[in-house]
Amino acid sequence: MLVRLSPVILTVVIASLAYSTPPQMAFSRLLPAAPALAASMWPVLPTVLLGTVCLFLMIGLSIVFPGLGTWWTAAGIIAVTVAAAYGSHVRLQRERTLFQVRLVADAAQQVVLSPLPRRFGSVEIESLYLAAAAEARIGGDFYEVVDTGYGVRLLIGDVRGKGLPAVGAAAAIVNAFREAAYDEADMVSVARRLDASSTRYNAAFPVERTMERFATALLVEIPHGGGRIEILNCGHPPPLLLNRGELRALEPTTPSPLLNLAELIGDHYNVDTFDFAAGDLLLLYTDGVAEARARDGEFFPLAAWMRQQPPTPPHELLTALHRDLLHYSGGRLDDDIAALAVRLREPSE
């Protein structure tokens, strides 16, 4: 509130000094600063009104202190007020444009990162997304969860690169997953569909360097009965599984090719199976989480942080991760961040 009133406060301070000090100090010459400041935060009409008030204050000062150079200062107030009114008009137009752009970005985010139900049967899921640039709202990180006849299937990944091309590539992969996850009986077939979609998108919208735009991805399948999970890892950071205080990184036995690279290095995909018991907590994340840096350049100690977490619902886990990441990095993120926390509910819950 004080910030919004700062032009008025500045006007009062300058006028008080001008009336209470010798005319030789000429504080009245600072009056044009008030409408100039108002232009940065006020609409056009209030800015003009403040400039008018400053003009009358200057006329009043000329009556009390003749010989102040009133007309030169008054001309300066008029000129600055006109310029400030125009600046305020331009600022408001740009703010409206930015607002519209953000609405479009929000709509794009709803397409690429649609809101997830917090529960699929006995499986609890929570999501987290943070853009490195707050004004961007969305980047190349992506995730999706669908409940299919084969079980709950999850996707998380990261497109190399930034900007609209990365968002487009992420959307192509997510949309392909939404169809393939229902149609394909095994995750290898799903991965091949995602790679084909990524390849087609990159062919339609090529980049300057042919192999620059690829994506890491992690596919997870949780059968409806629980007890195990299947993971297909296409060059993505391994998920972390917290089981009764014991932490395990679910590394792939054989890496699968990154999306858009299968034609180059072969489409030999590998699916690993791990135990997943009731109460276990699974964290899927993009590299922006593990590579968040403190001011001294040290990476966020994700594994150590995860070991310290008590048994908690996914929502509370990601709330703590969000808070601690921003605190560790000083509020500055160098990369986009996406995470999914998954828990298999106890039968008694």
# chains A, B, ... in the order shown; residues from 1 in each chain; ligands from 1
call {"tool": "residues_around", "arguments": {"residues": "segment 33-49 of chain A", "least_positions_apart": "3", "cutoff": "12 Å", "atoms": "only C-alpha atoms", "output": "VMD selection string"}}
result
chain A and resid 1 to 15 27 to 30 52 to 56 73 76 to 93 95
call {"tool": "select_by_dssp", "arguments": {"residues": "segment 282-323 of chain A", "states": "strand (DSSP E)", "output": "list in words"}}
result
Leu282, Leu283, Leu284 and Tyr285 of chain A
call {"tool": "write_last_selection", "arguments": {"atoms": "all heavy atoms", "output": "CSV table (one decimal), in the first residue's frame"}}
result
chain,number,residue,atom,x,y,z
A,282,LEU,N,7.1,-43.2,-3.7
A,282,LEU,CA,7.9,-43.2,-4.9
A,282,LEU,C,8.0,-41.7,-5.4
A,282,LEU,O,7.0,-41.1,-5.5
A,282,LEU,CB,7.3,-44.1,-6.0
A,282,LEU,CG,8.1,-44.2,-7.3
A,282,LEU,CD1,9.4,-44.9,-7.1
A,282,LEU,CD2,7.2,-44.9,-8.3
A,283,LEU,N,9.2,-41.3,-5.6
A,283,LEU,CA,9.4,-39.9,-6.1
A,283,LEU,C,10.0,-39.9,-7.5
A,283,LEU,O,11.1,-40.5,-7.7
A,283,LEU,CB,10.3,-39.1,-5.2
A,283,LEU,CG,10.6,-37.7,-5.7
A,283,LEU,CD1,9.3,-36.8,-5.6
A,283,LEU,CD2,11.7,-37.0,-4.8
A,284,LEU,N,9.2,-39.4,-8.5
A,284,LEU,CA,9.7,-39.2,-9.9
A,284,LEU,C,10.0,-37.8,-10.1
A,284,LEU,O,9.2,-36.9,-9.6
A,284,LEU,CB,8.7,-39.7,-10.9
A,284,LEU,CG,8.4,-41.2,-11.1
A,284,LEU,CD1,7.9,-41.8,-9.8
A,284,LEU,CD2,7.4,-41.4,-12.2
A,285,TYR,N,11.1,-37.4,-10.7
A,285,TYR,CA,11.5,-36.0,-10.8
A,285,TYR,C,12.3,-35.8,-12.1
A,285,TYR,O,12.9,-36.7,-12.7
A,285,TYR,CB,12.3,-35.6,-9.6
A,285,TYR,CG,13.5,-36.5,-9.4
A,285,TYR,CD1,14.8,-36.1,-9.9
A,285,TYR,CD2,13.5,-37.7,-8.7
A,285,TYR,CE1,15.9,-36.9,-9.8
A,285,TYR,CE2,14.6,-38.5,-8.6
A,285,TYR,CZ,15.8,-38.1,-9.1
A,285,TYR,OH,16.9,-38.9,-9.0
call {"tool": "closest_atom_pairs", "arguments": {"of": "segment 254-325 of chain A", "to": "segment 187-194 of chain A", "cutoff": "10 Å", "atoms": "only C-alpha atoms", "output": "tab-separated table"}}
result
residue	atom	partner	partner_atom	distance
A:Ser256	CA	A:Ala191	CA	9.4
A:Pro257	CA	A:Ala191	CA	9.6
A:Leu258	CA	A:Ala191	CA	9.7
A:Leu259	CA	A:Leu194	CA	7.0
A:Asn260	CA	A:Leu194	CA	8.7
A:Ala262	CA	A:Arg192	CA	8.5
A:Asp267	CA	A:Arg192	CA	7.5
A:His268	CA	A:Val188	CA	8.8
A:Tyr269	CA	A:Val188	CA	6.1
A:Asn270	CA	A:Val188	CA	7.4
A:Val271	CA	A:Val188	CA	7.5
call {"tool": "closest_residue", "arguments": {"among": "A:His322, A:Arg244, A:Arg213, A:His327", "to": "Arg295 of chain A", "atoms": "only C-alpha atoms"}}
result
A:His327
call {"tool": "residues_around", "arguments": {"residues": "segment 334-339 of chain A", "least_positions_apart": "6", "cutoff": "10 Å", "atoms": "only C-alpha atoms", "output": "PyMOL selection string"}}
result
chain A and resi 126-134+137-143+156-158+162+239+283-293+318+321-322+325
call {"tool": "write_last_selection", "arguments": {"atoms": "C-alpha atoms", "output": "compact mmCIF listing (two decimals), in the first residue's frame"}}
result
# COMPACT_ATOMS: atom_id res chain seq x y z
CA GLU A 126 0.60 -35.54 -6.33
CA SER A 127 2.37 -33.36 -8.90
CA LEU A 128 4.71 -30.37 -8.74
CA TYR A 129 5.77 -28.05 -11.54
CA LEU A 130 7.98 -24.98 -11.28
CA ALA A 131 9.17 -22.98 -14.30
CA ALA A 132 12.67 -21.56 -14.09
CA ALA A 133 11.31 -18.26 -15.46
CA ALA A 134 8.19 -17.32 -13.52
CA ARG A 137 4.67 -20.52 -16.65
CA ILE A 138 5.63 -23.63 -18.62
CA GLY A 139 8.73 -25.17 -20.17
CA GLY A 140 10.05 -28.45 -21.58
CA ASP A 141 9.38 -30.64 -18.51
CA PHE A 142 6.26 -32.77 -18.69
CA TYR A 143 4.28 -35.45 -16.87
CA ILE A 156 7.58 -37.91 -16.64
CA GLY A 157 10.24 -36.42 -18.87
CA ASP A 158 12.27 -33.47 -20.01
CA LYS A 162 13.74 -24.17 -23.93
CA PRO A 239 13.12 -42.53 -9.31
CA LEU A 283 9.39 -39.89 -6.15
CA LEU A 284 9.71 -39.24 -9.88
CA TYR A 285 11.50 -36.03 -10.83
CA THR A 286 13.29 -34.18 -13.61
CA ASP A 287 16.94 -33.19 -13.43
CA GLY A 288 16.04 -29.64 -12.39
CA VAL A 289 15.30 -31.01 -8.91
CA ALA A 290 18.61 -32.78 -8.36
CA GLU A 291 20.57 -29.99 -10.08
CA ALA A 292 19.10 -27.05 -8.18
CA ARG A 293 22.10 -25.10 -6.89
CA LEU A 318 5.93 -32.26 -2.55
CA LEU A 321 10.16 -30.34 -1.55
CA HIS A 322 8.83 -27.12 -3.07
CA LEU A 325 14.12 -26.28 -3.08
call {"tool": "select_by_dssp", "arguments": {"residues": "segment 20-250 of chain A", "states": "helix (DSSP H, G or I)", "output": "ChimeraX atom specification"}}
result
/A:20,23-25,27-30,33-38,44-64,70-112,163-183,187-204
call {"tool": "closest_residue", "arguments": {"among": "A:Leu340, A:Ala278, A:Leu232, A:Ala176", "to": "Ser122 of chain A", "atoms": "only C-alpha atoms"}}
result
A:Ala278
call {"tool": "residues_around", "arguments": {"residues": "Phe205 of chain A", "least_positions_apart": "6", "cutoff": "10 Å", "atoms": "only C-alpha atoms", "output": "ChimeraX atom specification"}}
result
/A:165,168-169,199
call {"tool": "write_last_selection", "arguments": {"atoms": "all heavy atoms", "output": "PDB file, in the first residue's frame"}}
result
ATOM      1  N   PRO A 165       9.538 -24.157 -28.867  1.00  0.00           N
ATOM      2  CA  PRO A 165       9.820 -25.457 -29.490  1.00  0.00           C
ATOM      3  C   PRO A 165       9.844 -26.597 -28.482  1.00  0.00           C
ATOM      4  O   PRO A 165       9.344 -27.687 -28.758  1.00  0.00           O
ATOM      5  CB  PRO A 165      11.197 -25.248 -30.140  1.00  0.00           C
ATOM      6  CG  PRO A 165      11.267 -23.777 -30.392  1.00  0.00           C
ATOM      7  CD  PRO A 165      10.566 -23.148 -29.240  1.00  0.00           C
ATOM      8  N   GLY A 168       6.277 -27.386 -27.484  1.00  0.00           N
ATOM      9  CA  GLY A 168       5.607 -28.141 -28.544  1.00  0.00           C
ATOM     10  C   GLY A 168       6.027 -29.592 -28.560  1.00  0.00           C
ATOM     11  O   GLY A 168       5.191 -30.494 -28.726  1.00  0.00           O
ATOM     12  N   ALA A 169       7.341 -29.846 -28.389  1.00  0.00           N
ATOM     13  CA  ALA A 169       7.823 -31.220 -28.364  1.00  0.00           C
ATOM     14  C   ALA A 169       7.269 -31.979 -27.162  1.00  0.00           C
ATOM     15  O   ALA A 169       6.895 -33.150 -27.265  1.00  0.00           O
ATOM     16  CB  ALA A 169       9.352 -31.227 -28.332  1.00  0.00           C
ATOM     17  N   THR A 199       9.718 -38.093 -33.027  1.00  0.00           N
ATOM     18  CA  THR A 199      10.442 -38.017 -34.304  1.00  0.00           C
ATOM     19  C   THR A 199       9.633 -37.259 -35.345  1.00  0.00           C
ATOM     20  O   THR A 199      10.175 -36.424 -36.086  1.00  0.00           O
ATOM     21  CB  THR A 199      10.761 -39.434 -34.806  1.00  0.00           C
ATOM     22  OG1 THR A 199      11.554 -40.111 -33.830  1.00  0.00           O
ATOM     23  CG2 THR A 199      11.522 -39.381 -36.124  1.00  0.00           C
TER      24      THR A 199
END
call {"tool": "atom_distance", "arguments": {"atom1": "atom CA of Leu242 of chain A", "atom2": "atom CA of Asp280 of chain A"}}
result
5.8 Å
call {"tool": "atom_distance", "arguments": {"atom1": "atom CA of Met58 of chain A", "atom2": "atom CA of Ala26 of chain A"}}
result
11.0 Å
call {"tool": "residues_around", "arguments": {"residues": "Val174 of chain A", "least_positions_apart": "2", "cutoff": "8 Å", "atoms": "only C-alpha atoms", "output": "list in words"}}
result
Val112, Phe142, Tyr143, Glu144, Ala170, Ala171, Ala172, Ala176, Phe177 and Arg178 of chain A
call {"tool": "closest_residue", "arguments": {"among": "A:Tyr182, A:Tyr150, A:Phe214, A:Phe299", "to": "Leu264 of chain A", "atoms": "only C-alpha atoms"}}
result
A:Phe214
call {"tool": "closest_residue", "arguments": {"among": "A:Ala341, A:Ala166, A:Val159, A:Val146", "to": "Ala180 of chain A", "atoms": "only C-alpha atoms"}}
result
A:Val146
call {"tool": "atom_distance", "arguments": {"atom1": "atom CA of Pro117 of chain A", "atom2": "atom CA of Leu155 of chain A"}}
result
14.7 Å
call {"tool": "closest_residue", "arguments": {"among": "A:Ala185, A:Ala18, A:Val64, A:Ala249", "to": "Thr148 of chain A", "atoms": "only C-alpha atoms"}}
result
A:Ala185
call {"tool": "decode", "arguments": {"residues": "segment 53-67 of chain A", "atoms": "all heavy atoms", "output": "PDB file, in the first residue's frame"}}
result
ATOM      1  N   VAL A  53      -1.736  18.803  -9.303  1.00  0.00           N
ATOM      2  CA  VAL A  53      -1.518  19.207  -7.904  1.00  0.00           C
ATOM      3  C   VAL A  53      -0.121  19.808  -7.737  1.00  0.00           C
ATOM      4  O   VAL A  53       0.050  20.850  -7.074  1.00  0.00           O
ATOM      5  CB  VAL A  53      -1.725  18.002  -6.971  1.00  0.00           C
ATOM      6  CG1 VAL A  53      -1.249  18.334  -5.555  1.00  0.00           C
ATOM      7  CG2 VAL A  53      -3.181  17.575  -6.952  1.00  0.00           C
ATOM      8  N   CYS A  54       0.873  19.160  -8.331  1.00  0.00           N
ATOM      9  CA  CYS A  54       2.243  19.682  -8.239  1.00  0.00           C
ATOM     10  C   CYS A  54       2.345  21.069  -8.879  1.00  0.00           C
ATOM     11  O   CYS A  54       3.062  21.948  -8.382  1.00  0.00           O
ATOM     12  CB  CYS A  54       3.220  18.709  -8.911  1.00  0.00           C
ATOM     13  SG  CYS A  54       3.435  17.158  -8.020  1.00  0.00           S
ATOM     14  N   LEU A  55       1.623  21.267  -9.974  1.00  0.00           N
ATOM     15  CA  LEU A  55       1.643  22.570 -10.644  1.00  0.00           C
ATOM     16  C   LEU A  55       1.050  23.650  -9.737  1.00  0.00           C
ATOM     17  O   LEU A  55       1.636  24.742  -9.601  1.00  0.00           O
ATOM     18  CB  LEU A  55       0.867  22.480 -11.960  1.00  0.00           C
ATOM     19  CG  LEU A  55       0.805  23.763 -12.790  1.00  0.00           C
ATOM     20  CD1 LEU A  55       2.210  24.202 -13.208  1.00  0.00           C
ATOM     21  CD2 LEU A  55      -0.070  23.544 -14.026  1.00  0.00           C
ATOM     22  N   PHE A  56      -0.078  23.369  -9.091  1.00  0.00           N
ATOM     23  CA  PHE A  56      -0.681  24.348  -8.184  1.00  0.00           C
ATOM     24  C   PHE A  56       0.185  24.582  -6.951  1.00  0.00           C
ATOM     25  O   PHE A  56       0.252  25.700  -6.437  1.00  0.00           O
ATOM     26  CB  PHE A  56      -2.083  23.884  -7.776  1.00  0.00           C
ATOM     27  CG  PHE A  56      -3.129  24.145  -8.816  1.00  0.00           C
ATOM     28  CD1 PHE A  56      -3.749  23.115  -9.492  1.00  0.00           C
ATOM     29  CD2 PHE A  56      -3.488  25.457  -9.145  1.00  0.00           C
ATOM     30  CE1 PHE A  56      -4.707  23.358 -10.459  1.00  0.00           C
ATOM     31  CE2 PHE A  56      -4.452  25.720 -10.107  1.00  0.00           C
ATOM     32  CZ  PHE A  56      -5.067  24.665 -10.777  1.00  0.00           C
ATOM     33  N   LEU A  57       0.854  23.523  -6.484  1.00  0.00           N
ATOM     34  CA  LEU A  57       1.785  23.705  -5.366  1.00  0.00           C
ATOM     35  C   LEU A  57       2.902  24.658  -5.762  1.00  0.00           C
ATOM     36  O   LEU A  57       3.338  25.513  -4.976  1.00  0.00           O
ATOM     37  CB  LEU A  57       2.368  22.363  -4.933  1.00  0.00           C
ATOM     38  CG  LEU A  57       1.460  21.446  -4.113  1.00  0.00           C
ATOM     39  CD1 LEU A  57       2.130  20.078  -3.917  1.00  0.00           C
ATOM     40  CD2 LEU A  57       1.149  22.073  -2.758  1.00  0.00           C
ATOM     41  N   MET A  58       3.385  24.519  -6.989  1.00  0.00           N
ATOM     42  CA  MET A  58       4.461  25.393  -7.460  1.00  0.00           C
ATOM     43  C   MET A  58       3.979  26.829  -7.570  1.00  0.00           C
ATOM     44  O   MET A  58       4.701  27.784  -7.205  1.00  0.00           O
ATOM     45  CB  MET A  58       4.949  24.892  -8.830  1.00  0.00           C
ATOM     46  CG  MET A  58       6.204  25.608  -9.306  1.00  0.00           C
ATOM     47  SD  MET A  58       7.597  25.333  -8.196  1.00  0.00           S
ATOM     48  CE  MET A  58       8.386  26.932  -8.278  1.00  0.00           C
ATOM     49  N   ILE A  59       2.743  27.031  -8.042  1.00  0.00           N
ATOM     50  CA  ILE A  59       2.180  28.382  -8.117  1.00  0.00           C
ATOM     51  C   ILE A  59       2.051  28.969  -6.710  1.00  0.00           C
ATOM     52  O   ILE A  59       2.355  30.142  -6.472  1.00  0.00           O
ATOM     53  CB  ILE A  59       0.824  28.351  -8.839  1.00  0.00           C
ATOM     54  CG1 ILE A  59       1.032  27.948 -10.308  1.00  0.00           C
ATOM     55  CG2 ILE A  59       0.129  29.699  -8.747  1.00  0.00           C
ATOM     56  CD1 ILE A  59      -0.257  27.693 -11.062  1.00  0.00           C
ATOM     57  N   GLY A  60       1.608  28.144  -5.742  1.00  0.00           N
ATOM     58  CA  GLY A  60       1.518  28.606  -4.359  1.00  0.00           C
ATOM     59  C   GLY A  60       2.865  28.983  -3.792  1.00  0.00           C
ATOM     60  O   GLY A  60       3.009  29.986  -3.066  1.00  0.00           O
ATOM     61  N   LEU A  61       3.887  28.198  -4.113  1.00  0.00           N
ATOM     62  CA  LEU A  61       5.244  28.517  -3.639  1.00  0.00           C
ATOM     63  C   LEU A  61       5.728  29.842  -4.219  1.00  0.00           C
ATOM     64  O   LEU A  61       6.445  30.600  -3.561  1.00  0.00           O
ATOM     65  CB  LEU A  61       6.210  27.390  -4.045  1.00  0.00           C
ATOM     66  CG  LEU A  61       6.183  26.131  -3.184  1.00  0.00           C
ATOM     67  CD1 LEU A  61       6.952  25.015  -3.860  1.00  0.00           C
ATOM     68  CD2 LEU A  61       6.776  26.433  -1.810  1.00  0.00           C
ATOM     69  N   SER A  62       5.342  30.123  -5.480  1.00  0.00           N
ATOM     70  CA  SER A  62       5.795  31.376  -6.108  1.00  0.00           C
ATOM     71  C   SER A  62       5.187  32.590  -5.416  1.00  0.00           C
ATOM     72  O   SER A  62       5.777  33.673  -5.428  1.00  0.00           O
ATOM     73  CB  SER A  62       5.431  31.365  -7.594  1.00  0.00           C
ATOM     74  OG  SER A  62       4.021  31.451  -7.754  1.00  0.00           O
ATOM     75  N   ILE A  63       3.985  32.402  -4.822  1.00  0.00           N
ATOM     76  CA  ILE A  63       3.366  33.513  -4.085  1.00  0.00           C
ATOM     77  C   ILE A  63       4.086  33.744  -2.768  1.00  0.00           C
ATOM     78  O   ILE A  63       4.334  34.883  -2.363  1.00  0.00           O
ATOM     79  CB  ILE A  63       1.870  33.212  -3.850  1.00  0.00           C
ATOM     80  CG1 ILE A  63       1.135  33.113  -5.195  1.00  0.00           C
ATOM     81  CG2 ILE A  63       1.226  34.265  -2.968  1.00  0.00           C
ATOM     82  CD1 ILE A  63      -0.301  32.652  -5.076  1.00  0.00           C
ATOM     83  N   VAL A  64       4.462  32.632  -2.093  1.00  0.00           N
ATOM     84  CA  VAL A  64       5.168  32.744  -0.801  1.00  0.00           C
ATOM     85  C   VAL A  64       6.609  33.203  -1.005  1.00  0.00           C
ATOM     86  O   VAL A  64       7.137  34.025  -0.248  1.00  0.00           O
ATOM     87  CB  VAL A  64       5.127  31.395  -0.063  1.00  0.00           C
ATOM     88  CG1 VAL A  64       5.908  31.490   1.261  1.00  0.00           C
ATOM     89  CG2 VAL A  64       3.697  30.973   0.201  1.00  0.00           C
ATOM     90  N   PHE A  65       7.254  32.647  -2.037  1.00  0.00           N
ATOM     91  CA  PHE A  65       8.663  32.964  -2.298  1.00  0.00           C
ATOM     92  C   PHE A  65       8.812  33.481  -3.727  1.00  0.00           C
ATOM     93  O   PHE A  65       9.024  32.694  -4.656  1.00  0.00           O
ATOM     94  CB  PHE A  65       9.555  31.733  -2.113  1.00  0.00           C
ATOM     95  CG  PHE A  65       9.460  31.096  -0.768  1.00  0.00           C
ATOM     96  CD1 PHE A  65       8.814  29.877  -0.606  1.00  0.00           C
ATOM     97  CD2 PHE A  65      10.017  31.716   0.347  1.00  0.00           C
ATOM     98  CE1 PHE A  65       8.728  29.282   0.639  1.00  0.00           C
ATOM     99  CE2 PHE A  65       9.933  31.122   1.591  1.00  0.00           C
ATOM    100  CZ  PHE A  65       9.285  29.909   1.754  1.00  0.00           C
ATOM    101  N   PRO A  66       8.677  34.765  -3.930  1.00  0.00           N
ATOM    102  CA  PRO A  66       8.867  35.307  -5.281  1.00  0.00           C
ATOM    103  C   PRO A  66      10.298  35.058  -5.773  1.00  0.00           C
ATOM    104  O   PRO A  66      11.235  34.974  -4.994  1.00  0.00           O
ATOM    105  CB  PRO A  66       8.591  36.797  -5.104  1.00  0.00           C
ATOM    106  CG  PRO A  66       7.799  36.902  -3.835  1.00  0.00           C
ATOM    107  CD  PRO A  66       8.297  35.810  -2.953  1.00  0.00           C
ATOM    108  N   GLY A  67      10.445  34.946  -7.045  1.00  0.00           N
ATOM    109  CA  GLY A  67      11.776  34.787  -7.616  1.00  0.00           C
ATOM    110  C   GLY A  67      12.295  33.368  -7.601  1.00  0.00           C
ATOM    111  O   GLY A  67      13.505  33.145  -7.647  1.00  0.00           O
TER     112      GLY A  67
END
